[in-house]
Each structure stands twice: as C-alpha cells, then as structure tokens.
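Novice: If it helps, the file is called target-v9.cif and holds mmCIF, C-alpha atoms:
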data_run
#
loop_
_atom_site.label_atom_id
_atom_site.label_comp_id
_atom_site.auth_asym_id
_atom_site.auth_seq_id
_atom_site.Cartn_x
_atom_site.Cartn_y
_atom_site.Cartn_z
CA MET A 24 0.52 14.72 -36.21
CA ALA A 25 -0.18 11.22 -34.89
CA GLN A 26 -3.28 10.88 -32.73
CA SER A 27 -2.48 10.02 -29.13
CA ARG A 28 -3.63 6.68 -27.84
CA ARG A 29 -6.41 6.54 -25.27
CA ALA A 30 -6.34 4.83 -21.90
CA VAL A 31 -9.29 4.44 -19.55
CA VAL A 32 -8.45 3.76 -15.92
CA ILE A 33 -11.22 2.20 -13.83
CA GLY A 34 -10.55 3.26 -10.25
CA GLY A 35 -9.11 6.48 -8.88
CA GLY A 36 -7.03 5.11 -6.02
CA ILE A 37 -3.27 5.20 -5.69
CA GLY A 38 -2.59 2.52 -8.30
CA GLY A 39 -5.03 3.93 -10.82
CA LEU A 40 -3.82 7.52 -10.47
CA THR A 41 -0.17 6.49 -10.68
CA ALA A 42 -0.89 4.49 -13.83
CA ALA A 43 -2.76 7.44 -15.31
CA ALA A 44 0.12 9.81 -14.50
CA ALA A 45 2.71 7.43 -15.94
CA LEU A 46 0.73 6.89 -19.15
CA HIS A 47 0.03 10.62 -19.49
CA ARG A 48 3.76 11.23 -19.19
CA ARG A 49 4.23 8.91 -22.16
CA GLY A 50 1.79 10.87 -24.28
CA TRP A 51 -1.42 8.91 -23.75
CA GLN A 52 -4.82 10.57 -23.49
CA VAL A 53 -6.05 9.37 -20.12
CA THR A 54 -9.48 9.21 -18.49
CA VAL A 55 -9.85 8.05 -14.88
CA LEU A 56 -13.29 6.81 -13.83
CA GLU A 57 -13.89 6.74 -10.07
CA ARG A 58 -17.24 5.54 -8.72
CA ALA A 59 -16.97 7.54 -5.46
CA ARG A 60 -18.11 11.14 -5.35
CA SER A 61 -14.63 12.40 -4.55
CA LEU A 62 -11.05 11.20 -4.73
CA GLU A 63 -10.63 11.42 -0.97
CA PRO A 64 -9.56 7.86 -0.16
CA VAL A 65 -11.15 5.61 2.41
CA GLY A 66 -8.26 4.92 4.72
CA ALA A 67 -5.67 6.61 6.82
CA ALA A 68 -1.93 6.70 6.19
CA ILE A 69 0.36 4.82 3.85
CA SER A 70 3.99 3.85 4.26
CA LEU A 71 6.10 4.27 1.13
CA ALA A 72 9.32 2.28 1.01
CA PRO A 73 12.30 3.04 -1.26
CA ASN A 74 10.97 0.70 -3.96
CA SER A 75 7.79 2.74 -4.55
CA LEU A 76 9.65 6.02 -4.11
CA ARG A 77 11.92 5.00 -6.99
CA ALA A 78 8.80 4.29 -9.04
CA LEU A 79 7.48 7.76 -8.18
CA ASP A 80 10.79 9.18 -9.45
CA VAL A 81 9.71 8.00 -12.91
CA ILE A 82 6.71 10.34 -12.85
CA GLY A 83 8.61 13.19 -11.22
CA LEU A 84 7.07 12.89 -7.77
CA GLY A 85 9.69 11.01 -5.77
CA ASP A 86 11.61 13.92 -4.27
CA GLU A 87 8.46 15.76 -3.25
CA ILE A 88 7.19 12.72 -1.39
CA ARG A 89 10.58 12.05 0.22
CA GLY A 90 10.35 15.56 1.61
CA LEU A 91 7.34 14.43 3.64
CA ALA A 92 9.32 11.77 5.52
CA ALA A 93 8.46 11.93 9.22
CA TRP A 94 10.21 8.94 10.73
CA ALA A 95 13.32 10.15 12.58
CA GLY A 96 15.33 8.53 15.32
CA ASP A 97 14.74 5.16 16.91
CA GLY A 98 11.80 2.88 16.32
CA GLY A 99 11.13 -0.80 16.24
CA LEU A 100 9.19 -3.72 17.67
CA ARG A 101 7.76 -3.94 21.22
CA THR A 102 5.74 -6.21 23.49
CA PRO A 103 2.44 -5.05 25.07
CA SER A 104 4.31 -4.21 28.29
CA GLY A 105 6.56 -1.86 26.35
CA ARG A 106 9.72 -3.97 26.24
CA TRP A 107 11.71 -3.47 23.04
CA LEU A 108 12.33 -6.65 21.06
CA SER A 109 14.05 -4.97 18.15
CA ARG A 110 15.16 -1.41 17.42
CA SER A 111 16.28 0.39 14.31
CA SER A 112 16.47 3.90 12.90
CA ALA A 113 15.60 5.91 9.81
CA ASP A 114 19.29 6.21 8.99
CA ALA A 115 19.76 2.44 9.14
CA ALA A 116 16.83 1.91 6.78
CA ALA A 117 18.11 4.52 4.33
CA GLU A 118 21.59 3.02 4.37
CA ARG A 119 20.34 -0.54 3.83
CA PHE A 120 17.90 0.24 1.01
CA GLY A 121 19.25 3.43 -0.53
CA GLY A 122 16.45 5.71 0.58
CA PRO A 123 14.08 6.69 3.37
CA LEU A 124 10.78 5.25 4.49
CA VAL A 125 8.01 7.83 4.17
CA LEU A 126 4.75 7.78 6.10
CA LEU A 127 2.04 10.16 4.92
CA HIS A 128 -1.71 10.45 4.74
CA ARG A 129 -3.22 8.67 1.74
CA ALA A 130 -5.17 11.80 0.87
CA THR A 131 -1.90 13.72 0.50
CA LEU A 132 -0.52 11.18 -1.98
CA VAL A 133 -3.78 11.06 -3.93
CA GLU A 134 -3.81 14.85 -4.16
CA ARG A 135 -0.23 14.93 -5.48
CA LEU A 136 -0.93 12.20 -8.04
CA ALA A 137 -4.14 13.83 -9.30
CA ALA A 138 -2.28 17.13 -9.75
CA LEU A 139 -0.08 15.45 -12.40
CA LEU A 140 -3.10 14.88 -14.67
CA PRO A 141 -4.77 17.35 -17.06
CA THR A 142 -7.92 19.13 -15.97
CA GLY A 143 -10.94 16.95 -16.60
CA ALA A 144 -8.97 13.69 -16.78
CA VAL A 145 -10.52 12.42 -13.56
CA ARG A 146 -14.27 11.82 -13.44
CA THR A 147 -15.79 11.12 -10.04
CA ASP A 148 -19.23 9.62 -9.38
CA ALA A 149 -18.54 7.66 -12.55
CA ALA A 150 -19.18 3.94 -12.10
CA ALA A 151 -17.81 1.93 -15.02
CA THR A 152 -18.14 -1.60 -16.35
CA LEU A 153 -15.78 -3.41 -18.69
CA ALA A 154 -17.94 -4.35 -21.67
CA ASP A 155 -15.28 -5.80 -23.98
CA SER A 156 -11.60 -6.45 -23.26
CA GLY A 157 -10.72 -5.95 -26.93
CA ASP A 158 -7.85 -7.53 -28.83
CA THR A 159 -5.26 -6.60 -31.44
CA GLY A 160 -7.99 -5.93 -33.98
CA ARG A 161 -10.47 -3.92 -31.91
CA PRO A 162 -10.43 -1.50 -28.98
CA ALA A 163 -11.61 -2.31 -25.50
CA ARG A 164 -14.96 -0.86 -24.44
CA VAL A 165 -16.07 0.54 -21.11
CA THR A 166 -19.68 1.34 -20.25
CA THR A 167 -20.61 4.31 -18.05
CA ALA A 168 -23.84 6.12 -17.22
CA ASP A 169 -22.87 8.77 -19.77
CA GLY A 170 -22.26 6.31 -22.56
CA GLU A 171 -19.58 3.99 -23.84
CA LEU A 172 -15.85 4.70 -24.11
CA GLU A 173 -13.43 2.96 -26.44
CA ALA A 174 -9.81 2.59 -25.38
CA ASP A 175 -6.51 1.28 -26.64
CA LEU A 176 -5.82 0.28 -23.05
CA VAL A 177 -8.05 -0.23 -20.03
CA VAL A 178 -6.43 -0.31 -16.60
CA GLY A 179 -8.38 -2.23 -13.96
CA ALA A 180 -7.51 -0.47 -10.70
CA ASP A 181 -10.79 -1.11 -8.93
CA GLY A 182 -9.49 -2.66 -5.75
CA VAL A 183 -9.79 -5.82 -3.74
CA ARG A 184 -13.34 -6.59 -4.95
CA SER A 185 -12.43 -5.80 -8.56
CA ALA A 186 -15.24 -6.25 -11.08
CA VAL A 187 -12.68 -5.96 -13.88
CA ARG A 188 -10.78 -8.94 -12.46
CA ARG A 189 -14.00 -11.00 -12.36
CA ALA A 190 -14.79 -10.04 -15.95
CA LEU A 191 -11.34 -11.09 -17.19
CA PHE A 192 -11.02 -14.26 -15.11
CA PRO A 193 -14.52 -15.46 -14.17
CA GLY A 194 -13.24 -18.87 -13.10
CA HIS A 195 -10.81 -17.47 -10.53
CA PRO A 196 -11.94 -17.89 -6.90
CA GLY A 197 -11.17 -14.26 -6.02
CA THR A 198 -10.20 -13.17 -2.54
CA VAL A 199 -10.32 -15.03 0.77
CA TYR A 200 -10.58 -13.75 4.33
CA SER A 201 -7.11 -13.31 5.80
CA GLY A 202 -8.32 -14.21 9.30
CA PHE A 203 -8.05 -10.81 10.91
CA THR A 204 -9.57 -7.35 10.95
CA THR A 205 -7.84 -3.95 11.13
CA TRP A 206 -8.56 -0.58 12.70
CA ARG A 207 -6.92 2.70 11.65
CA VAL A 208 -6.97 6.25 12.94
CA VAL A 209 -5.17 9.52 12.13
CA ILE A 210 -5.60 12.14 14.85
CA PRO A 211 -3.73 14.80 16.81
CA VAL A 212 -2.52 13.54 20.20
CA PRO A 213 -1.40 16.60 22.18
CA GLY A 214 1.71 16.08 24.27
CA ALA A 215 2.41 12.55 23.06
CA GLU A 216 6.12 11.83 22.60
CA PHE A 217 7.18 8.39 21.47
CA ALA A 218 9.39 6.43 19.13
CA SER A 219 7.71 4.94 16.09
CA HIS A 220 6.84 1.34 16.89
CA GLU A 221 4.80 -1.75 16.18
CA THR A 222 3.70 -3.91 19.12
CA TRP A 223 2.96 -7.63 18.86
CA GLY A 224 0.62 -9.28 21.36
CA ARG A 225 -1.34 -12.52 21.37
CA GLY A 226 -3.33 -12.49 18.13
CA ARG A 227 -3.15 -8.70 18.18
CA ILE A 228 -0.96 -5.93 16.71
CA TRP A 229 -0.75 -2.23 17.43
CA GLY A 230 1.33 0.39 15.59
CA THR A 231 1.86 4.07 16.43
CA HIS A 232 3.73 6.44 14.11
CA PRO A 233 4.15 10.22 13.89
CA LEU A 234 3.23 12.09 10.71
CA LYS A 235 5.07 15.18 9.52
CA ASP A 236 1.93 17.32 9.89
CA GLY A 237 1.96 16.68 13.66
CA ARG A 238 -0.79 14.08 13.75
CA VAL A 239 -0.39 10.47 14.85
CA TYR A 240 -1.18 7.46 12.68
CA ALA A 241 -2.20 4.40 14.66
CA TYR A 242 -3.35 1.02 13.42
CA ALA A 243 -4.38 -2.20 15.07
CA ALA A 244 -5.19 -5.73 13.98
CA ALA A 245 -6.71 -8.73 15.70
CA VAL A 246 -7.67 -12.28 14.84
CA THR A 247 -11.48 -12.20 14.66
CA PRO A 248 -14.32 -13.95 12.81
CA LEU A 249 -15.25 -12.47 9.44
CA GLY A 250 -17.83 -9.71 9.57
CA GLY A 251 -17.53 -8.92 13.25
CA ARG A 252 -18.45 -5.49 14.57
CA ALA A 253 -18.33 -3.89 18.01
CA PRO A 254 -21.65 -3.83 19.89
CA ASP A 255 -21.08 -0.18 20.87
CA SER A 256 -18.27 1.55 18.95
CA GLU A 257 -14.98 0.53 17.38
CA ARG A 258 -13.16 2.94 19.70
CA ALA A 259 -14.67 1.04 22.62
CA GLU A 260 -13.54 -2.21 21.03
CA LEU A 261 -9.98 -0.89 20.78
CA LEU A 262 -10.10 0.12 24.45
CA ARG A 263 -11.12 -3.40 25.41
CA ARG A 264 -8.39 -4.99 23.33
CA PHE A 265 -5.51 -2.52 23.74
CA GLY A 266 -6.35 -0.11 26.56
CA ASP A 267 -3.89 -1.67 29.00
CA TRP A 268 -0.94 -1.77 26.57
CA HIS A 269 2.13 0.46 26.91
CA ASP A 270 2.27 4.23 26.34
CA PRO A 271 1.37 6.05 24.11
CA ILE A 272 -1.45 3.63 23.22
CA PRO A 273 -3.79 4.74 26.06
CA ALA A 274 -3.18 8.40 25.11
CA VAL A 275 -4.04 7.70 21.46
CA LEU A 276 -7.25 5.93 22.44
CA ALA A 277 -8.16 8.76 24.82
CA ALA A 278 -7.72 11.31 22.02
CA ALA A 279 -9.75 9.33 19.45
CA ARG A 280 -13.46 9.83 18.88
CA PRO A 281 -15.65 6.91 17.78
CA GLU A 282 -16.02 8.46 14.33
CA ASP A 283 -12.23 8.64 13.91
CA VAL A 284 -11.83 4.86 13.88
CA LEU A 285 -12.01 2.88 10.63
CA ARG A 286 -12.46 -0.89 10.67
CA HIS A 287 -12.04 -3.28 7.75
CA ASP A 288 -11.77 -7.04 7.47
CA VAL A 289 -8.66 -8.03 5.53
CA ARG A 290 -8.92 -10.11 2.37
CA HIS A 291 -6.21 -11.33 0.02
CA ILE A 292 -5.81 -13.28 -3.21
CA ALA A 293 -4.53 -16.69 -2.12
CA GLU A 294 -4.44 -18.26 -5.59
CA PRO A 295 -2.47 -16.02 -7.99
CA LEU A 296 -4.18 -14.97 -11.18
CA PRO A 297 -3.00 -16.68 -14.38
CA ALA A 298 -2.06 -13.26 -15.79
CA TYR A 299 -2.44 -9.56 -15.11
CA ASP A 300 -3.55 -8.83 -18.67
CA HIS A 301 -6.13 -9.99 -21.14
CA GLY A 302 -6.78 -8.40 -24.53
CA ARG A 303 -6.27 -4.66 -24.10
CA VAL A 304 -6.85 -4.72 -20.33
CA ALA A 305 -4.28 -4.80 -17.51
CA LEU A 306 -4.84 -5.09 -13.76
CA VAL A 307 -2.89 -3.14 -11.14
CA GLY A 308 -2.80 -3.08 -7.35
CA ASP A 309 -5.32 -4.95 -5.24
CA ALA A 310 -7.29 -5.88 -8.33
CA ALA A 311 -4.32 -8.01 -9.38
CA HIS A 312 -2.73 -9.15 -6.12
CA ALA A 313 -4.54 -8.07 -2.96
CA MET A 314 -2.36 -8.91 0.03
CA PRO A 315 -2.44 -8.51 3.82
CA PRO A 316 -1.00 -5.19 5.05
CA THR A 317 1.59 -6.87 7.28
CA LEU A 318 4.51 -5.74 5.08
CA GLY A 319 2.93 -2.38 4.26
CA GLN A 320 3.44 -3.20 0.58
CA GLY A 321 -0.06 -3.14 -0.91
CA GLY A 322 0.12 0.46 -2.09
CA ASN A 323 3.83 0.19 -2.84
CA GLN A 324 3.27 -2.72 -5.20
CA ALA A 325 0.41 -0.85 -6.89
CA ILE A 326 2.77 2.06 -7.59
CA GLU A 327 5.37 -0.35 -8.96
CA ASP A 328 2.69 -1.95 -11.17
CA ALA A 329 1.71 1.42 -12.58
CA VAL A 330 5.13 2.52 -13.78
CA VAL A 331 5.98 -0.95 -15.12
CA LEU A 332 2.67 -1.02 -17.00
CA ALA A 333 3.47 2.33 -18.60
CA HIS A 334 6.86 0.93 -19.61
CA HIS A 335 5.26 -2.16 -21.20
CA CYS A 336 2.08 -0.50 -22.49
CA ASP A 337 2.77 -1.84 -26.00
CA ASP A 338 3.31 -5.40 -24.77
CA LEU A 339 0.93 -6.32 -21.98
CA PRO A 340 2.15 -9.94 -21.66
CA ALA A 341 5.56 -8.44 -20.85
CA TYR A 342 3.89 -6.48 -18.05
CA THR A 343 2.50 -9.72 -16.62
CA ALA A 344 5.90 -11.38 -16.94
CA ALA A 345 7.54 -8.52 -15.05
CA ARG A 346 4.97 -8.20 -12.28
CA LEU A 347 3.25 -11.50 -11.54
CA PRO A 348 6.28 -13.37 -10.09
CA ARG A 349 7.37 -10.43 -7.94
CA THR A 350 3.96 -9.56 -6.54
CA THR A 351 3.17 -13.21 -5.89
CA THR A 352 6.37 -13.50 -3.85
CA VAL A 353 5.61 -10.32 -1.88
CA ALA A 354 2.00 -11.35 -1.26
CA ARG A 355 3.01 -14.80 0.02
CA LYS A 356 5.56 -13.21 2.33
CA ALA A 357 2.87 -10.87 3.69
CA VAL A 358 0.71 -13.91 4.49
CA ARG A 359 3.61 -15.60 6.29
CA VAL A 360 4.35 -12.45 8.30
CA ALA A 361 0.67 -12.24 9.31
CA ARG A 362 0.88 -15.76 10.71
CA LEU A 363 3.98 -14.78 12.67
CA ASN A 364 2.91 -11.50 14.17
CA LEU A 365 -0.71 -12.55 14.83
CA MET A 366 0.27 -15.81 16.51
CA THR A 367 -2.10 -16.95 19.26
CA SER A 368 -0.11 -19.77 20.93
CA ARG A 369 1.48 -18.56 24.16
CA ALA A 370 4.38 -21.00 23.78
CA GLY A 371 4.86 -19.98 20.16
CA ILE A 372 4.82 -16.29 21.09
CA ALA A 373 7.52 -16.83 23.72
CA VAL A 374 9.74 -18.59 21.17
CA ARG A 375 8.99 -15.92 18.55
CA ASP A 376 9.83 -12.99 20.82
CA THR A 377 13.05 -14.61 22.01
CA ALA A 378 14.12 -15.30 18.43
CA VAL A 379 13.30 -11.76 17.28
CA ALA A 380 15.36 -10.25 20.10
CA ALA A 381 18.29 -12.58 19.45
CA LEU A 382 18.29 -12.02 15.70
CA SER A 383 18.18 -8.26 16.13
CA LYS A 384 21.15 -8.30 18.50
CA ALA A 385 23.14 -10.36 16.00
CA GLY A 386 22.45 -8.15 12.98
CA PRO A 387 19.96 -5.76 11.37
CA ALA A 388 16.57 -5.44 13.05
CA LEU A 389 13.88 -7.87 11.96
CA PHE A 390 11.95 -4.92 10.53
CA LEU A 391 14.80 -4.21 8.11
CA ARG A 392 15.44 -7.86 7.28
CA GLY A 393 11.81 -8.19 6.24
CA PHE A 394 12.33 -5.70 3.43
CA ASP A 395 15.32 -7.43 1.84
CA GLY A 396 14.48 -8.21 -1.77
CA ILE A 397 11.53 -5.81 -1.64
CA ALA A 398 12.71 -2.30 -0.83
CA ASP A 399 15.76 -2.55 -3.10
CA TRP A 400 13.64 -2.90 -6.29
CA ARG A 401 14.25 -0.46 -9.14
CA PRO A 402 11.95 0.43 -12.05
CA PRO A 403 12.79 -0.58 -15.62
CA GLN A 404 12.89 3.03 -16.84
CA ARG A 405 14.76 6.16 -15.85
CA PRO A 406 15.20 8.14 -13.71
CA TYR A 407 16.45 5.66 -11.15
CA ALA A 408 16.82 6.55 -7.51
CA SER A 409 20.13 4.69 -7.74
CA GLU A 410 21.36 7.68 -9.75
CA GLN A 411 20.64 9.95 -6.79
CA THR A 412 22.80 10.60 -3.78
CA PRO A 413 21.72 11.61 -0.28
CA GLU A 414 22.75 15.00 0.96
CA GLY A 415 21.42 15.47 4.46
CA ASN A 416 17.70 14.84 4.18
CA ARG A 417 17.57 15.86 0.52
CA TRP A 418 17.94 13.71 -2.56
CA ARG A 419 19.38 15.25 -5.71
CA SER A 420 19.94 13.79 -9.12
CA THR A 421 23.56 13.35 -10.04
CA PRO A 422 24.71 14.48 -13.50
#
Would you write out, as structure tokens, the structure that this file holds?

Specialist:
Amino acid sequence: MAQSRRAVVIGGGIGGLTAAAALHRRGWQVTVLERARSLEPVGAAISLAPNSLRALDVIGLGDEIRGLAAWAGDGGLRTPSGRWLSRSSADAAAERFGGPLVLLHRATLVERLAALLPTGAVRTDAAATLADSGDTGRPARVTTADGELEADLVVGADGVRSAVRRALFPGHPGTVYSGFTTWRVVIPVPGAEFASHETWGRGRIWGTHPLKDGRVYAYAAAVTPLGGRAPDSERAELLRRFGDWHDPIPAVLAAARPEDVLRHDVRHIAEPLPAYDHGRVALVGDAAHAMPPTLGQGGNQAIEDAVVLAHHCDDLPAYTAARLPRTTTVARKAVRVARLNLMTSRAGIAVRDTAVAALSKAGPALFLRGFDGIADWRPPQRPYASEQTPEGNRWRSTP
C-alpha cells in the first residue's frame, strides 16, 4: 500500500483548517500547527458568501453551514440618521448568486472545520518556523519546540503578519496600514428588532446583523492614525463616535461591556506577491493576500484558496496561476470600496449617497452589485453548488 503524503499546515485559522480538511479528504496525512493555546479564534463573526459556500461543498460542509443562515427579510445601506440609501433581501441575494449569504460566529466555523480532521491532527501551543521550503528533490522542513517535521507540502496559513511569507519572499514589503481601525462585538441585545444593515457616515462605518443563535454581531470602522487606542475603553470610544446614530446602535452599545469590544488596526498587502508558492510551500488566506474587510471576503478567499490548493497539490505553480489574479482583483476592489465608504469629504459624501440611492432605484442594490464577479465563483472540483437546487431554505444535491 502506498504511503500517504504528509502536509504540515502552519496556522489553525479558517484558511489553514479548510486546507487541512481538503487535503485530508484527498488522502494526505495532515498536521496543523497553531501557536495559540486553543483554536478559539480572535474575532467575532464571519460572513460567508455563495463563493466560499461552494468551496465548503467540496469538503462536505456547505449544507451544514447554509443551515446556519440568519439573514432574512430586508436589509441594506443607511445613513447615520437612519435613512435607507439602498435595500435588498436574502431572497434577492440568493437569486442573483445562486445561494444564500450566511453570517455565523467564527468559532462555530472553526469548530466545524476541526471536526473534519482526525484526532491529534491539530496541535495547539505549537509555534512553528519554516526551516527549508524544499524542492522536487527534497522535502520541506518545519521546526517546532518538539523537533523538526518533514513534509511533502507546507501550507503557510499564518495570517496577516505571516512569517512563512517573509521566509519565502524576504524582499517583499509586506503589509501596509489601510488607514482605518475596526471594532467588533458579538452580544445578546434583549428586545432589539431591526433589519440587517450597514451605515456609512463621515469616515466611519457601522454594521448591525442578527445571528441565528439570537445574538447580535456589530462592527464599526473609522479613519484613525495607526496604533491609536481609547484613553478609557473601546466601548467608550464607540459611544463617542456612534452613540448618536440611529437605532439599534445605541441599544447595542448599551448592552456591550468594555471587555466585549475587540479593536484591530487594518492592514493589507498593497503590492501583490510574485507567487503564492515556492518549493514545496504554498500560502493561503491573509498570508498570501491580506485585504481590507470592506467586501467581507478575507475569510471567503482563504476558503477558496484552500480547496483550490488541494486540487492543485501536485502542481503548486498551477495553484498560483489559479489564485493570484483572482485574489489580487478582489483585494484591489476591497481597497477601492474602503475609500468609498470611509470618505471624509462632506461634498463627496453627498454625491456618493445620492448616487447610491439612484443606482439602487434603477437596479439591484449596491450591496449586491458589489459581489458581481465574486460571489458567483465556483471551485475547480466537484461537488459544485451549481448542481444543487433550492427547495425552501434547504439545498439538496440533484442526481
């Protein structure tokens, strides 16, 4: 019996775990090395669009995640006073892109992905360093506190500050500050009833969305200097910046405790990498193409990367050829959207809001237009979501 090939995945986030699950499904022996003491992710919720849900179909997880869809009814884009600029619905999104949008807690997705792997495949509190990227004549090598591992494939899934990326491309400038910071919170908000929305102000954004488990996911962003922190608490900072915006924003802030609020400066890769592979190593997710969260595609693109990498695991340059142009396009679009929705010019904002309202009256909401060419992506391997048909809120494979 042929010996299975070995893959070492550096990083136990969404991209790394999806890659591990996809490779395991193809018969690889997989080890995931995560430096944190647990897999519980730092973050809040994640929005999964039809493109990443189709990728999850490949590893048998798509339908389960679709079942967690919480967005129902109207939603859209608002001004700080509460006026709707653009409205859409879950049904309109599903019809346009062939599937639902799913919002769920990152920890839920991580738990489901980890459950696809054999016992012992994931090692936490296991910092790892790429010692040798290998080539056709020798394996790659990864150094850990417990010794060295050899691998036929190393997957660099170690995030926006990726050490694997620096080892492969030491001359690359890395990430740059995107010009804004973000806050996120997932909490129960008793009695709050609202339509899912994102609100654009002057150099500020707020979003409020219901989760299926009854909690509320809220996020905010603002143009700020790099490294800024509130003098008291980040909850207090949110109150100063957003406390007088429309309902349910004051209710969310009232329900939040200071310790519930996460704040992170946003960084992205402005200059694309020359490749996503070198030797026997491939990069996925933020390690390869960190982007602003303004399209909600960072995690989605990582999931796409993972299943495409498993498809091209015998030809890593083909993986780069499949992924680098697409992710570069998505990342550049996310940067452009950030400039639009974090605009600070009052005159520019007035023109922007008028144009958004007019465009949405003339056709699909701006929110849906922004996903054209992104959410309709399909993976290179079966099963495809295009082979599935909606039946109510369920998706079943057709014969």

Novice: Determine the residue membership of the PyMOL selection byres ((chain A and resi 40) around 10) for the file above and supply it as a PyMOL selection string.

Specialist: chain A and resi 32-39+41-46+54-55+62+132-140+145+180+326+329

Novice: Using all atoms listed in the file, find the one residue out of A:Ala398, A:Ile272, A:Val353, A:Ile69 that sits nearest to Ala130 of chain A.

Specialist: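 Using all atoms listed in the file, Ala130 of chain A sits closest to A:Ile69.
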
Novice: Exactly which residues make up the result of the PyMOL selection byres ((chain A and resi 166) around 12) on this file, given as a list in words?

Specialist: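 The output of the PyMOL selection byres ((chain A and resi 166) around 12) on this file is Val31, Ile33, Leu56, Ala149, Ala150, Ala151, Thr152, Leu153, Ala154, Asp155, Ser156, Ala163, Arg164, Val165, Thr167, Ala168, Asp169, Gly170, Glu171, Leu172, Glu173, Ala174, Val177 and Val187 of chain A.
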
Novice: Go through A:Val199, A:Ala277, A:Ala67, A:Val178 one by one, measure the shortest atom-to-atom distance of each to Pro213 of chain A using only C-alpha atoms, and give the residue with the smallest value.

Specialist: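 Closest candidate: A:Ala277.
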
Novice: Can you list, as a PyMOL selection string, the residues that the PyMOL selection byres ((chain A and resi 188) around 12) selects here?

Specialist: chain A and resi 33+152-153+156+177-187+189-198+292+295-301+304-313

Novice: What does the structure give for the distance between atom CA of Trp229 of chain A and atom CA of Asp328 of chain A, in Å to one decimal?

Specialist: 28.8 Å

Novice: Counting only C-alpha atoms, write as an NGL selection string all protein and nucleic acid residues lying at most 10 Å from (-10.6, -3.5, 19.1) in the file's frame.

Specialist: :A and (204-206 or 227 or 243-245 or 247 or 252-253 or 256-266 or 284 or 286)

Novice: Could you work out how far atom CA of Trp107 of chain A lies from atom CA of Ala380 of chain A, giving the answer in Å with one decimal?

Specialist: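 One can read the atom CA of Ala380 of chain A to atom CA of Trp107 of chain A distance as 8.2 Å.
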
Novice: Measuring between all atoms listed in the file, which one of A:Gly98, A:Pro402, A:Gly50, A:Gly226 shows the shortest distance to Asn364 of chain A?

Specialist: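 Of A:Gly98, A:Pro402, A:Gly50, A:Gly226, the one nearest Asn364 of chain A is A:Gly226, counting all atoms listed in the file.
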
Novice: Pick the closest to Pro340 of chain A from A:Gly302, A:Ile88, A:Gly202, A:Lys235: which is it, counting all atoms listed in the file?

Specialist: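 Checking each of A:Gly302, A:Ile88, A:Gly202, A:Lys235 against Pro340 of chain A, counting all atoms listed in the file, the winner is A:Gly302.
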
Novice: For each of A:Leu365, A:Ala72, A:Ala59, A:Leu79, take the minimum atom-to-atom distance to Thr147 of chain A, counting all atoms listed in the file, then give the residue where this is smallest.

Specialist: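 Smallest separation from Thr147 of chain A among the options: A:Ala59.
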
Novice: To one decimal place in Å, what is the distance between atom CA of Leu339 of chain A and atom CA of Arg303 of chain A?

Specialist: 7.7 Å

Novice: Name the closest residue to Thr142 of chain A among the candidates A:Val53, A:Ile372, A:Val360, A:Ala218; distances are taken between atoms, counting all atoms listed in the file.

Specialist: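 Closest candidate: A:Val53.
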